[in-house]
Amino acid sequence: ETGVTQSPTHLIKTRGQQVTLRCSSQSGHNTVSWYQQALGQGPQFIFQYYREEENGRGNFPPRFSGLQFPNYSSELNVNALELDDSALYLCASSAGQGRNQPQHFGDGTRLSIL
Amino acid sequence: DQQVKQNSPSLSVQEGRISILNCDYTNSMFDYFLWYKKYPAEGPTFLISISSIKDKNEDGRFTVFLNKSAKHLSLHIVPSQPGDSAVYFCAASARGGSGNTGKLIFGQGTTLQVKP
């Protein structure tokens with residue numbers, strides 16, 4: 001059974017640039033959620049995708065957007081990068097719509113904004 | 001507004017003893033709770049969960065207790081091992097809301113150190 005994989009592992013960008021992060025869900029999982037984890041904090045929910053549609057969104061601006069593909073893999077896109085976007089971005093997959101099902105996380109992408 | 005709080009940033013216990021990690025929440029709509037363990041440079045690893053219809057769930061050395069009236073849950077690790085040293089996060093999700101999302105709300109984490 002293949003777990004959740006994320007790419008790249010590390011990324012350095014400058015303010016104003018755009019970035020795309022990728023996630024492959026665990027085998028058999030059709031729901032993908034994205035979280036942002038700042039240093040010393042718990043992960044914060046960005047949004048969730050179920051069957052290729054956004055299924056809930058946290059308190060993040062529209063410049064954070066995503067996609068889910070027919071194979072349930074997903075992308076997180078962030079436009080007009082700001083210094084505060086520096087964080088660990090975590091992808092998690094789960095079965096169904098994730099209700100009362102544990103979400104399984106990848107190792108994350110560490111994004112640094114200069 | 002921190003809906004899930006882990007008030008102890010760190011905890012140190014001796015190998016073989018019990019580790020008790022605590023978590024408080026404020027949202028009475030939360031009905032599913034989880035504990036995750038996180039090592040440096042890795043993503044959170046799911047440990048154990050509990051539904052609000054239960055007050056206890058056990059899996060090997062790990063037991064989670066839920067006290068709904070106090071809006072409090074705890075994770076007991078018995079016996080503690082040096083390999084348990086990590087950051088532990090509690091998380092919760094709420095019934096209802098739009099989209100029936102499984103959105104998780106996390107606490108800030110507690111760093112557990114188990115000394116040999």
# chains A, B, ... in the order shown; residues from 1 in each chain; ligands from 1
call {"tool": "select_by_dssp", "arguments": {"residues": "stretch 43-105 of chain B", "states": "helix (DSSP H, G or I)", "output": "PyMOL selection string"}}
result
chain B and resi 82-84+98-100
call {"tool": "residues_around", "arguments": {"residues": "B:Leu112", "least_positions_apart": "5", "cutoff": "12 Å", "atoms": "only C-alpha atoms", "output": "MDAnalysis selection string"}}
result
chainID B and resid 8:15 18:22 37:39 75:77 80:89
call {"tool": "atom_distance", "arguments": {"atom1": "atom CA of B:Lys68", "atom2": "atom CA of B:Leu47"}}
result
20.4 Å
call {"tool": "select_by_dssp", "arguments": {"residues": "chain A", "states": "strand (DSSP E)", "output": "CSV table (one decimal) with all heavy atoms, in the first residue's frame"}}
result
chain,number,residue,atom,x,y,z
A,5,THR,N,2.2,10.8,-0.9
A,5,THR,CA,3.5,11.4,-1.3
A,5,THR,C,3.3,12.8,-1.8
A,5,THR,O,2.3,13.1,-2.4
A,5,THR,CB,4.2,10.6,-2.4
A,5,THR,OG1,3.3,10.5,-3.5
A,5,THR,CG2,4.5,9.1,-1.9
A,6,GLN,N,4.3,13.7,-1.4
A,6,GLN,CA,4.2,15.1,-1.8
A,6,GLN,C,5.5,15.5,-2.5
A,6,GLN,O,6.6,15.0,-2.2
A,6,GLN,CB,4.0,16.0,-0.5
A,6,GLN,CG,2.7,15.8,0.1
A,6,GLN,CD,2.5,16.8,1.2
A,6,GLN,OE1,2.3,16.4,2.4
A,6,GLN,NE2,2.5,18.1,0.9
A,7,SER,N,5.4,16.4,-3.4
A,7,SER,CA,6.6,16.9,-4.1
A,7,SER,C,6.4,18.4,-4.4
A,7,SER,O,5.2,18.9,-4.6
A,7,SER,CB,6.8,16.2,-5.4
A,7,SER,OG,5.8,16.3,-6.3
A,10,HIS,N,11.3,20.5,-0.6
A,10,HIS,CA,11.6,21.8,-0.3
A,10,HIS,C,11.5,22.8,-1.5
A,10,HIS,O,11.7,22.3,-2.6
A,10,HIS,CB,13.1,21.9,0.2
A,10,HIS,CG,13.3,21.2,1.5
A,10,HIS,ND1,13.6,19.8,1.6
A,10,HIS,CD2,13.3,21.6,2.8
A,10,HIS,CE1,13.8,19.5,2.8
A,10,HIS,NE2,13.5,20.5,3.6
A,11,LEU,N,11.2,24.0,-1.2
A,11,LEU,CA,11.1,25.0,-2.3
A,11,LEU,C,11.4,26.4,-1.8
A,11,LEU,O,10.9,26.7,-0.7
A,11,LEU,CB,9.6,24.9,-2.8
A,11,LEU,CG,9.3,25.4,-4.2
A,11,LEU,CD1,10.2,24.7,-5.3
A,11,LEU,CD2,7.9,25.0,-4.5
A,12,ILE,N,12.2,27.1,-2.6
A,12,ILE,CA,12.4,28.5,-2.2
A,12,ILE,C,11.9,29.4,-3.3
A,12,ILE,O,12.2,29.2,-4.5
A,12,ILE,CB,13.9,28.8,-2.0
A,12,ILE,CG1,14.5,27.9,-0.9
A,12,ILE,CG2,14.2,30.2,-1.7
A,12,ILE,CD1,16.0,27.9,-0.7
A,13,LYS,N,11.1,30.4,-2.9
A,13,LYS,CA,10.5,31.3,-3.9
A,13,LYS,C,10.7,32.8,-3.3
A,13,LYS,O,11.1,33.0,-2.2
A,13,LYS,CB,9.0,31.1,-4.1
A,13,LYS,CG,8.7,29.8,-4.7
A,13,LYS,CD,8.9,29.9,-6.2
A,13,LYS,CE,8.5,28.7,-7.0
A,13,LYS,NZ,8.7,28.8,-8.4
A,19,VAL,N,3.4,29.4,-7.0
A,19,VAL,CA,4.0,28.1,-6.7
A,19,VAL,C,2.9,27.0,-6.8
A,19,VAL,O,1.7,27.3,-6.6
A,19,VAL,CB,4.6,28.0,-5.3
A,19,VAL,CG1,3.5,28.1,-4.2
A,19,VAL,CG2,5.5,26.8,-5.1
A,20,THR,N,3.3,25.8,-7.3
A,20,THR,CA,2.4,24.7,-7.3
A,20,THR,C,3.0,23.5,-6.6
A,20,THR,O,4.2,23.1,-6.8
A,20,THR,CB,2.2,24.2,-8.8
A,20,THR,OG1,1.5,25.3,-9.5
A,20,THR,CG2,1.3,23.0,-8.9
A,21,LEU,N,2.2,23.0,-5.6
A,21,LEU,CA,2.7,21.8,-4.8
A,21,LEU,C,1.8,20.6,-5.2
A,21,LEU,O,0.6,20.8,-5.5
A,21,LEU,CB,2.5,22.1,-3.3
A,21,LEU,CG,3.1,23.4,-2.8
A,21,LEU,CD1,2.9,23.6,-1.3
A,21,LEU,CD2,4.6,23.5,-3.2
A,22,ARG,N,2.4,19.5,-5.2
A,22,ARG,CA,1.7,18.3,-5.7
A,22,ARG,C,1.6,17.2,-4.6
A,22,ARG,O,2.4,17.1,-3.7
A,22,ARG,CB,2.4,17.7,-6.9
A,22,ARG,CG,2.3,18.7,-8.1
A,22,ARG,CD,3.0,18.2,-9.3
A,22,ARG,NE,2.8,19.1,-10.4
A,22,ARG,CZ,3.5,20.2,-10.7
A,22,ARG,NH1,4.5,20.5,-9.9
A,22,ARG,NH2,3.2,21.0,-11.7
A,23,CYS,N,0.5,16.4,-4.7
A,23,CYS,CA,0.2,15.4,-3.7
A,23,CYS,C,-0.4,14.2,-4.4
A,23,CYS,O,-1.4,14.3,-5.2
A,23,CYS,CB,-0.8,15.9,-2.7
A,23,CYS,SG,-1.4,14.7,-1.5
A,24,SER,N,0.1,13.0,-4.1
A,24,SER,CA,-0.6,11.7,-4.5
A,24,SER,C,-1.2,11.1,-3.3
A,24,SER,O,-0.5,10.9,-2.3
A,24,SER,CB,0.5,10.8,-5.1
A,24,SER,OG,1.0,11.3,-6.3
A,31,THR,N,-10.4,11.4,-1.1
A,31,THR,CA,-10.5,12.7,-0.6
A,31,THR,C,-9.1,13.2,-0.2
A,31,THR,O,-8.3,12.5,0.4
A,31,THR,CB,-11.4,12.7,0.7
A,31,THR,OG1,-12.7,12.2,0.3
A,31,THR,CG2,-11.5,14.1,1.3
A,32,VAL,N,-8.8,14.5,-0.6
A,32,VAL,CA,-7.5,15.1,-0.3
A,32,VAL,C,-7.8,16.4,0.4
A,32,VAL,O,-8.6,17.2,0.0
A,32,VAL,CB,-6.7,15.3,-1.5
A,32,VAL,CG1,-5.5,16.1,-1.2
A,32,VAL,CG2,-6.3,14.0,-2.2
A,33,SER,N,-7.1,16.6,1.5
A,33,SER,CA,-7.1,17.9,2.3
A,33,SER,C,-5.7,18.5,2.3
A,33,SER,O,-4.7,17.8,2.4
A,33,SER,CB,-7.6,17.6,3.7
A,33,SER,OG,-8.9,17.0,3.7
A,34,TRP,N,-5.7,19.8,2.3
A,34,TRP,CA,-4.4,20.5,2.4
A,34,TRP,C,-4.4,21.4,3.7
A,34,TRP,O,-5.4,22.0,4.1
A,34,TRP,CB,-4.2,21.5,1.2
A,34,TRP,CG,-3.9,20.8,-0.1
A,34,TRP,CD1,-4.8,20.3,-1.0
A,34,TRP,CD2,-2.6,20.4,-0.6
A,34,TRP,NE1,-4.1,19.7,-2.1
A,34,TRP,CE2,-2.7,19.8,-1.8
A,34,TRP,CE3,-1.3,20.7,-0.1
A,34,TRP,CZ2,-1.7,19.3,-2.6
A,34,TRP,CZ3,-0.2,20.2,-0.8
A,34,TRP,CH2,-0.4,19.6,-2.1
A,35,TYR,N,-3.2,21.4,4.3
A,35,TYR,CA,-3.1,22.1,5.5
A,35,TYR,C,-1.8,22.9,5.5
A,35,TYR,O,-0.8,22.5,4.8
A,35,TYR,CB,-3.0,21.2,6.8
A,35,TYR,CG,-4.2,20.4,7.1
A,35,TYR,CD1,-4.6,19.3,6.4
A,35,TYR,CD2,-5.1,20.9,8.1
A,35,TYR,CE1,-5.7,18.6,6.7
A,35,TYR,CE2,-6.3,20.2,8.4
A,35,TYR,CZ,-6.6,19.0,7.6
A,35,TYR,OH,-7.7,18.4,7.9
A,36,GLN,N,-1.8,24.1,6.2
A,36,GLN,CA,-0.6,24.9,6.3
A,36,GLN,C,-0.1,24.8,7.8
A,36,GLN,O,-0.9,25.0,8.7
A,36,GLN,CB,-0.9,26.3,5.9
A,36,GLN,CG,0.3,27.3,6.0
A,36,GLN,CD,-0.1,28.7,6.0
A,36,GLN,OE1,-0.7,29.2,7.0
A,36,GLN,NE2,0.3,29.5,5.0
A,37,GLN,N,1.2,24.5,8.0
A,37,GLN,CA,1.7,24.5,9.4
A,37,GLN,C,2.8,25.5,9.5
A,37,GLN,O,3.9,25.3,9.0
A,37,GLN,CB,2.2,23.1,9.7
A,37,GLN,CG,2.6,23.0,11.2
A,37,GLN,CD,3.0,21.6,11.6
A,37,GLN,OE1,3.3,20.7,10.8
A,37,GLN,NE2,3.0,21.4,12.9
A,44,GLN,N,-3.2,24.1,9.9
A,44,GLN,CA,-4.4,24.8,9.7
A,44,GLN,C,-5.0,24.4,8.3
A,44,GLN,O,-4.3,24.4,7.3
A,44,GLN,CB,-4.1,26.3,9.7
A,44,GLN,CG,-3.9,26.9,11.1
A,44,GLN,CD,-4.2,28.4,11.1
A,44,GLN,OE1,-4.1,29.1,10.1
A,44,GLN,NE2,-4.6,28.8,12.3
A,45,PHE,N,-6.3,24.1,8.4
A,45,PHE,CA,-7.0,23.6,7.2
A,45,PHE,C,-7.1,24.7,6.1
A,45,PHE,O,-7.5,25.8,6.4
A,45,PHE,CB,-8.4,23.2,7.6
A,45,PHE,CG,-9.3,22.7,6.5
A,45,PHE,CD1,-9.1,21.4,6.0
A,45,PHE,CD2,-10.3,23.5,6.0
A,45,PHE,CE1,-10.0,21.0,5.0
A,45,PHE,CE2,-11.2,23.0,5.1
A,45,PHE,CZ,-11.0,21.8,4.5
A,46,ILE,N,-6.7,24.3,4.9
A,46,ILE,CA,-6.8,25.2,3.7
A,46,ILE,C,-8.1,24.9,3.0
A,46,ILE,O,-8.9,25.7,2.8
A,46,ILE,CB,-5.6,25.2,2.8
A,46,ILE,CG1,-4.3,25.4,3.6
A,46,ILE,CG2,-5.7,26.1,1.6
A,46,ILE,CD1,-3.0,25.3,2.8
A,47,PHE,N,-8.1,23.7,2.4
A,47,PHE,CA,-9.3,23.2,1.7
A,47,PHE,C,-9.3,21.7,1.5
A,47,PHE,O,-8.2,21.1,1.8
A,47,PHE,CB,-9.6,23.9,0.4
A,47,PHE,CG,-8.4,24.1,-0.5
A,47,PHE,CD1,-7.6,23.1,-0.9
A,47,PHE,CD2,-8.1,25.4,-1.0
A,47,PHE,CE1,-6.5,23.3,-1.7
A,47,PHE,CE2,-7.0,25.6,-1.8
A,47,PHE,CZ,-6.2,24.5,-2.1
A,48,GLN,N,-10.4,21.2,1.1
A,48,GLN,CA,-10.5,19.7,0.9
A,48,GLN,C,-11.1,19.5,-0.5
A,48,GLN,O,-12.0,20.3,-0.9
A,48,GLN,CB,-11.4,19.1,1.9
A,48,GLN,CG,-11.6,17.6,1.8
A,48,GLN,CD,-12.5,17.0,2.9
A,48,GLN,OE1,-13.7,17.0,2.7
A,48,GLN,NE2,-11.9,16.6,4.0
A,49,TYR,N,-10.7,18.4,-1.2
A,49,TYR,CA,-11.2,18.1,-2.5
A,49,TYR,C,-11.8,16.6,-2.4
A,49,TYR,O,-11.1,15.7,-1.8
A,49,TYR,CB,-10.2,18.2,-3.6
A,49,TYR,CG,-10.0,19.6,-4.1
A,49,TYR,CD1,-9.2,20.5,-3.4
A,49,TYR,CD2,-10.8,20.0,-5.2
A,49,TYR,CE1,-9.1,21.8,-3.8
A,49,TYR,CE2,-10.7,21.3,-5.6
A,49,TYR,CZ,-9.8,22.2,-4.9
A,49,TYR,OH,-9.7,23.5,-5.4
A,50,TYR,N,-13.0,16.5,-2.9
A,50,TYR,CA,-13.6,15.2,-2.9
A,50,TYR,C,-14.2,15.0,-4.3
A,50,TYR,O,-15.0,15.9,-4.8
A,50,TYR,CB,-14.7,15.1,-1.9
A,50,TYR,CG,-15.6,13.9,-1.9
A,50,TYR,CD1,-15.1,12.6,-1.7
A,50,TYR,CD2,-17.0,14.0,-2.2
A,50,TYR,CE1,-15.9,11.5,-1.7
A,50,TYR,CE2,-17.8,12.9,-2.3
A,50,TYR,CZ,-17.3,11.7,-2.0
A,50,TYR,OH,-18.1,10.6,-2.1
A,53,GLU,N,-14.0,18.0,-6.7
A,53,GLU,CA,-14.6,19.3,-6.4
A,53,GLU,C,-14.2,19.8,-5.0
A,53,GLU,O,-14.0,18.9,-4.1
A,53,GLU,CB,-16.1,19.2,-6.5
A,53,GLU,CG,-16.6,18.9,-7.9
A,53,GLU,CD,-18.1,19.2,-8.1
A,53,GLU,OE1,-18.7,19.6,-7.1
A,53,GLU,OE2,-18.6,19.1,-9.2
A,54,GLU,N,-14.1,21.1,-4.9
A,54,GLU,CA,-13.8,21.6,-3.5
A,54,GLU,C,-14.9,21.3,-2.6
A,54,GLU,O,-16.1,21.6,-2.9
A,54,GLU,CB,-13.5,23.1,-3.6
A,54,GLU,CG,-13.0,23.7,-2.3
A,54,GLU,CD,-12.7,25.2,-2.4
A,54,GLU,OE1,-11.7,25.6,-3.1
A,54,GLU,OE2,-13.4,26.0,-1.8
A,55,ASN,N,-14.6,20.8,-1.4
A,55,ASN,CA,-15.6,20.3,-0.5
A,55,ASN,C,-15.3,20.9,0.9
A,55,ASN,O,-15.3,20.3,1.9
A,55,ASN,CB,-15.5,18.8,-0.4
A,55,ASN,CG,-16.5,18.2,0.5
A,55,ASN,OD1,-17.7,18.5,0.5
A,55,ASN,ND2,-16.1,17.3,1.4
A,56,GLY,N,-15.2,22.2,0.9
A,56,GLY,CA,-14.9,22.9,2.2
A,56,GLY,C,-13.6,23.7,2.1
A,56,GLY,O,-12.6,23.2,1.5
A,57,ARG,N,-13.6,24.8,2.7
A,57,ARG,CA,-12.5,25.7,2.7
A,57,ARG,C,-12.3,26.4,4.0
A,57,ARG,O,-13.2,26.8,4.7
A,57,ARG,CB,-12.7,26.8,1.6
A,57,ARG,CG,-11.5,27.7,1.3
A,57,ARG,CD,-11.8,28.7,0.2
A,57,ARG,NE,-10.6,29.4,-0.1
A,57,ARG,CZ,-9.7,29.1,-1.1
A,57,ARG,NH1,-9.9,28.0,-1.8
A,57,ARG,NH2,-8.7,29.9,-1.2
A,64,PHE,N,-5.0,31.2,-2.8
A,64,PHE,CA,-4.8,29.8,-2.5
A,64,PHE,C,-5.9,29.0,-3.3
A,64,PHE,O,-7.1,29.1,-3.0
A,64,PHE,CB,-4.9,29.4,-1.0
A,64,PHE,CG,-3.7,29.9,-0.2
A,64,PHE,CD1,-3.6,31.2,0.1
A,64,PHE,CD2,-2.8,29.0,0.2
A,64,PHE,CE1,-2.5,31.6,0.9
A,64,PHE,CE2,-1.7,29.4,1.0
A,64,PHE,CZ,-1.5,30.7,1.3
A,65,SER,N,-5.5,28.2,-4.2
A,65,SER,CA,-6.4,27.4,-5.0
A,65,SER,C,-5.9,26.0,-5.2
A,65,SER,O,-4.7,25.7,-5.0
A,65,SER,CB,-6.7,28.1,-6.4
A,65,SER,OG,-5.5,28.1,-7.1
A,66,GLY,N,-6.8,25.1,-5.6
A,66,GLY,CA,-6.4,23.7,-5.8
A,66,GLY,C,-7.1,23.0,-6.9
A,66,GLY,O,-8.0,23.6,-7.6
A,67,LEU,N,-6.7,21.8,-7.1
A,67,LEU,CA,-7.3,20.9,-8.1
A,67,LEU,C,-7.2,19.5,-7.6
A,67,LEU,O,-6.3,19.2,-6.9
A,67,LEU,CB,-6.5,21.0,-9.4
A,67,LEU,CG,-6.7,22.2,-10.4
A,67,LEU,CD1,-5.6,22.0,-11.5
A,67,LEU,CD2,-8.1,22.2,-10.9
A,68,GLN,N,-8.2,18.7,-8.0
A,68,GLN,CA,-8.0,17.3,-7.8
A,68,GLN,C,-8.3,16.6,-9.1
A,68,GLN,O,-9.2,17.0,-9.9
A,68,GLN,CB,-9.0,16.7,-6.8
A,68,GLN,CG,-8.7,15.3,-6.4
A,68,GLN,CD,-9.7,14.7,-5.4
A,68,GLN,OE1,-10.9,15.1,-5.3
A,68,GLN,NE2,-9.2,13.8,-4.6
A,74,SER,N,-3.7,15.6,-6.3
A,74,SER,CA,-4.1,17.0,-6.1
A,74,SER,C,-3.0,17.9,-6.2
A,74,SER,O,-1.8,17.6,-6.1
A,74,SER,CB,-4.8,17.1,-4.7
A,74,SER,OG,-5.2,18.4,-4.5
A,75,GLU,N,-3.3,19.2,-6.5
A,75,GLU,CA,-2.3,20.3,-6.5
A,75,GLU,C,-2.8,21.4,-5.7
A,75,GLU,O,-4.1,21.6,-5.6
A,75,GLU,CB,-2.2,20.8,-8.0
A,75,GLU,CG,-1.4,20.0,-8.9
A,75,GLU,CD,-1.2,20.6,-10.3
A,75,GLU,OE1,-1.8,21.7,-10.5
A,75,GLU,OE2,-0.5,20.0,-11.1
A,76,LEU,N,-1.9,22.1,-5.0
A,76,LEU,CA,-2.2,23.3,-4.3
A,76,LEU,C,-1.4,24.4,-5.0
A,76,LEU,O,-0.2,24.3,-5.2
A,76,LEU,CB,-1.7,23.2,-2.9
A,76,LEU,CG,-1.6,24.5,-2.1
A,76,LEU,CD1,-2.9,25.2,-1.9
A,76,LEU,CD2,-0.9,24.3,-0.7
A,77,ASN,N,-2.1,25.5,-5.5
A,77,ASN,CA,-1.5,26.6,-6.1
A,77,ASN,C,-1.6,27.8,-5.2
A,77,ASN,O,-2.7,28.1,-4.7
A,77,ASN,CB,-2.2,26.9,-7.5
A,77,ASN,CG,-2.1,25.7,-8.4
A,77,ASN,OD1,-1.0,25.4,-8.9
A,77,ASN,ND2,-3.2,25.0,-8.6
A,78,VAL,N,-0.5,28.6,-5.1
A,78,VAL,CA,-0.5,29.8,-4.4
A,78,VAL,C,0.0,30.9,-5.3
A,78,VAL,O,1.2,30.8,-5.8
A,78,VAL,CB,0.3,29.7,-3.1
A,78,VAL,CG1,0.1,31.0,-2.3
A,78,VAL,CG2,-0.1,28.5,-2.3
A,87,ALA,N,6.0,28.2,5.2
A,87,ALA,CA,5.4,27.3,6.1
A,87,ALA,C,5.6,25.9,5.6
A,87,ALA,O,6.2,25.7,4.5
A,87,ALA,CB,3.9,27.5,6.3
A,88,LEU,N,5.2,24.9,6.3
A,88,LEU,CA,5.2,23.5,5.9
A,88,LEU,C,3.8,23.2,5.3
A,88,LEU,O,2.8,23.5,6.1
A,88,LEU,CB,5.5,22.5,7.0
A,88,LEU,CG,5.5,21.0,6.7
A,88,LEU,CD1,6.6,20.7,5.7
A,88,LEU,CD2,5.5,20.2,8.0
A,89,TYR,N,3.6,22.8,4.1
A,89,TYR,CA,2.3,22.5,3.5
A,89,TYR,C,2.1,21.0,3.5
A,89,TYR,O,2.9,20.2,2.9
A,89,TYR,CB,2.2,23.1,2.1
A,89,TYR,CG,2.1,24.6,2.2
A,89,TYR,CD1,3.3,25.4,2.3
A,89,TYR,CD2,0.9,25.2,2.2
A,89,TYR,CE1,3.2,26.8,2.4
A,89,TYR,CE2,0.8,26.6,2.4
A,89,TYR,CZ,1.9,27.4,2.5
A,89,TYR,OH,1.8,28.7,2.6
A,90,LEU,N,1.1,20.6,4.1
A,90,LEU,CA,0.8,19.2,4.3
A,90,LEU,C,-0.4,18.7,3.5
A,90,LEU,O,-1.4,19.5,3.5
A,90,LEU,CB,0.5,18.8,5.8
A,90,LEU,CG,1.7,19.0,6.7
A,90,LEU,CD1,1.3,19.1,8.2
A,90,LEU,CD2,2.7,17.8,6.6
A,91,CYS,N,-0.3,17.6,2.9
A,91,CYS,CA,-1.5,17.0,2.2
A,91,CYS,C,-1.9,15.8,3.0
A,91,CYS,O,-1.0,15.1,3.5
A,91,CYS,CB,-1.0,16.7,0.8
A,91,CYS,SG,-2.2,15.6,-0.1
A,92,ALA,N,-3.2,15.6,3.1
A,92,ALA,CA,-3.7,14.4,3.8
A,92,ALA,C,-4.8,13.7,2.9
A,92,ALA,O,-5.6,14.4,2.3
A,92,ALA,CB,-4.3,14.8,5.1
A,93,SER,N,-4.8,12.4,2.9
A,93,SER,CA,-5.9,11.8,2.1
A,93,SER,C,-6.7,10.9,3.1
A,93,SER,O,-6.3,10.5,4.2
A,93,SER,CB,-5.3,10.9,1.0
A,93,SER,OG,-4.7,9.8,1.5
A,94,SER,N,-8.0,10.6,2.7
A,94,SER,CA,-8.9,9.8,3.5
A,94,SER,C,-9.9,9.2,2.6
A,94,SER,O,-10.0,9.6,1.4
A,94,SER,CB,-9.5,10.7,4.6
A,94,SER,OG,-10.2,11.8,4.0
A,104,HIS,N,-4.6,10.7,6.6
A,104,HIS,CA,-3.2,10.2,6.6
A,104,HIS,C,-2.4,11.2,5.8
A,104,HIS,O,-2.7,11.5,4.6
A,104,HIS,CB,-3.2,8.8,6.0
A,104,HIS,CG,-3.9,7.8,6.7
A,104,HIS,ND1,-3.4,7.1,7.8
A,104,HIS,CD2,-5.2,7.4,6.7
A,104,HIS,CE1,-4.3,6.3,8.3
A,104,HIS,NE2,-5.4,6.4,7.7
A,105,PHE,N,-1.3,11.7,6.4
A,105,PHE,CA,-0.6,12.8,5.9
A,105,PHE,C,0.7,12.3,5.2
A,105,PHE,O,1.3,11.3,5.5
A,105,PHE,CB,-0.1,13.7,7.1
A,105,PHE,CG,-1.2,14.5,7.7
A,105,PHE,CD1,-2.1,14.0,8.6
A,105,PHE,CD2,-1.4,15.9,7.2
A,105,PHE,CE1,-3.2,14.8,9.1
A,105,PHE,CE2,-2.4,16.7,7.7
A,105,PHE,CZ,-3.3,16.1,8.6
A,109,THR,N,5.7,19.7,2.1
A,109,THR,CA,6.6,20.5,1.3
A,109,THR,C,6.9,21.8,2.2
A,109,THR,O,6.0,22.5,2.6
A,109,THR,CB,5.9,21.0,0.0
A,109,THR,OG1,5.7,19.9,-0.8
A,109,THR,CG2,6.8,22.0,-0.7
A,110,ARG,N,8.2,22.0,2.4
A,110,ARG,CA,8.7,23.1,3.1
A,110,ARG,C,8.9,24.3,2.2
A,110,ARG,O,9.7,24.2,1.3
A,110,ARG,CB,10.0,22.8,3.8
A,110,ARG,CG,10.7,24.0,4.5
A,110,ARG,CD,9.9,24.4,5.8
A,110,ARG,NE,9.8,23.4,6.8
A,110,ARG,CZ,9.1,23.6,7.9
A,110,ARG,NH1,8.5,24.7,8.1
A,110,ARG,NH2,9.1,22.6,8.8
A,111,LEU,N,8.1,25.3,2.3
A,111,LEU,CA,8.1,26.5,1.4
A,111,LEU,C,8.7,27.6,2.1
A,111,LEU,O,8.2,28.0,3.2
A,111,LEU,CB,6.7,26.8,0.9
A,111,LEU,CG,6.6,28.0,0.0
A,111,LEU,CD1,7.3,27.9,-1.3
A,111,LEU,CD2,5.1,28.3,-0.3
A,112,SER,N,9.8,28.2,1.5
A,112,SER,CA,10.4,29.4,2.1
A,112,SER,C,10.3,30.5,1.1
A,112,SER,O,10.6,30.4,-0.1
A,112,SER,CB,11.9,29.1,2.3
A,112,SER,OG,12.0,28.1,3.3
A,113,ILE,N,9.8,31.7,1.6
A,113,ILE,CA,9.6,32.9,0.7
A,113,ILE,C,10.7,33.9,1.2
A,113,ILE,O,10.8,34.3,2.3
A,113,ILE,CB,8.2,33.5,0.9
A,113,ILE,CG1,7.2,32.4,0.7
A,113,ILE,CG2,8.0,34.6,-0.1
A,113,ILE,CD1,7.2,31.6,-0.6
call {"tool": "atom_distance", "arguments": {"atom1": "atom CA of A:Arg15", "atom2": "atom CA of A:Glu82"}}
result
5.2 Å
call {"tool": "closest_atom_pairs", "arguments": {"of": "chain B", "to": "chain A", "cutoff": "8 Å", "atoms": "only C-alpha atoms", "output": "Markdown table"}}
result
| residue | atom | partner | partner_atom | distance |
| --- | --- | --- | --- | --- |
| B:Tyr32 | CA | A:Asn100 | CA | 6.0 |
| B:Leu34 | CA | A:Pro102 | CA | 7.4 |
| B:Ala41 | CA | A:Asp107 | CA | 6.9 |
| B:Glu42 | CA | A:Asp107 | CA | 4.6 |
| B:Gly43 | CA | A:Asp107 | CA | 3.8 |
| B:Pro44 | CA | A:Phe105 | CA | 5.9 |
| B:Thr45 | CA | A:Phe105 | CA | 6.7 |
| B:Phe46 | CA | A:His104 | CA | 6.5 |
| B:Ser49 | CA | A:Pro102 | CA | 7.4 |
| B:Ser51 | CA | A:Asn100 | CA | 7.5 |
| B:Phe89 | CA | A:Gly42 | CA | 7.1 |
| B:Ser93 | CA | A:Arg99 | CA | 7.8 |
| B:Ser98 | CA | A:Gly56 | CA | 7.1 |
| B:Gly99 | CA | A:Asn55 | CA | 5.3 |
| B:Asn100 | CA | A:Arg99 | CA | 7.2 |
| B:Thr101 | CA | A:Gly56 | CA | 5.6 |
| B:Gly102 | CA | A:Gly98 | CA | 4.5 |
| B:Lys103 | CA | A:Phe45 | CA | 6.5 |
| B:Leu104 | CA | A:Phe45 | CA | 6.7 |
| B:Ile105 | CA | A:Gln44 | CA | 6.9 |
| B:Phe106 | CA | A:Gly42 | CA | 5.4 |
| B:Gly107 | CA | A:Gly42 | CA | 5.5 |
| B:Gln108 | CA | A:Gly42 | CA | 4.5 |
| B:Gly109 | CA | A:Gly42 | CA | 6.2 |
call {"tool": "atom_distance", "arguments": {"atom1": "atom CA of B:Lys5", "atom2": "atom CA of A:Leu39"}}
result
16.4 Å
call {"tool": "residues_around", "arguments": {"residues": "B:Asp59", "least_positions_apart": "3", "cutoff": "9 Å", "atoms": "only C-alpha atoms", "output": "PyMOL selection string"}}
result
chain B and resi 47-48+62-64
call {"tool": "closest_residue", "arguments": {"among": "B:Lys115, B:Pro40, B:Trp35, B:Met29", "to": "B:Ser52", "atoms": "only C-alpha atoms"}}
result
B:Met29
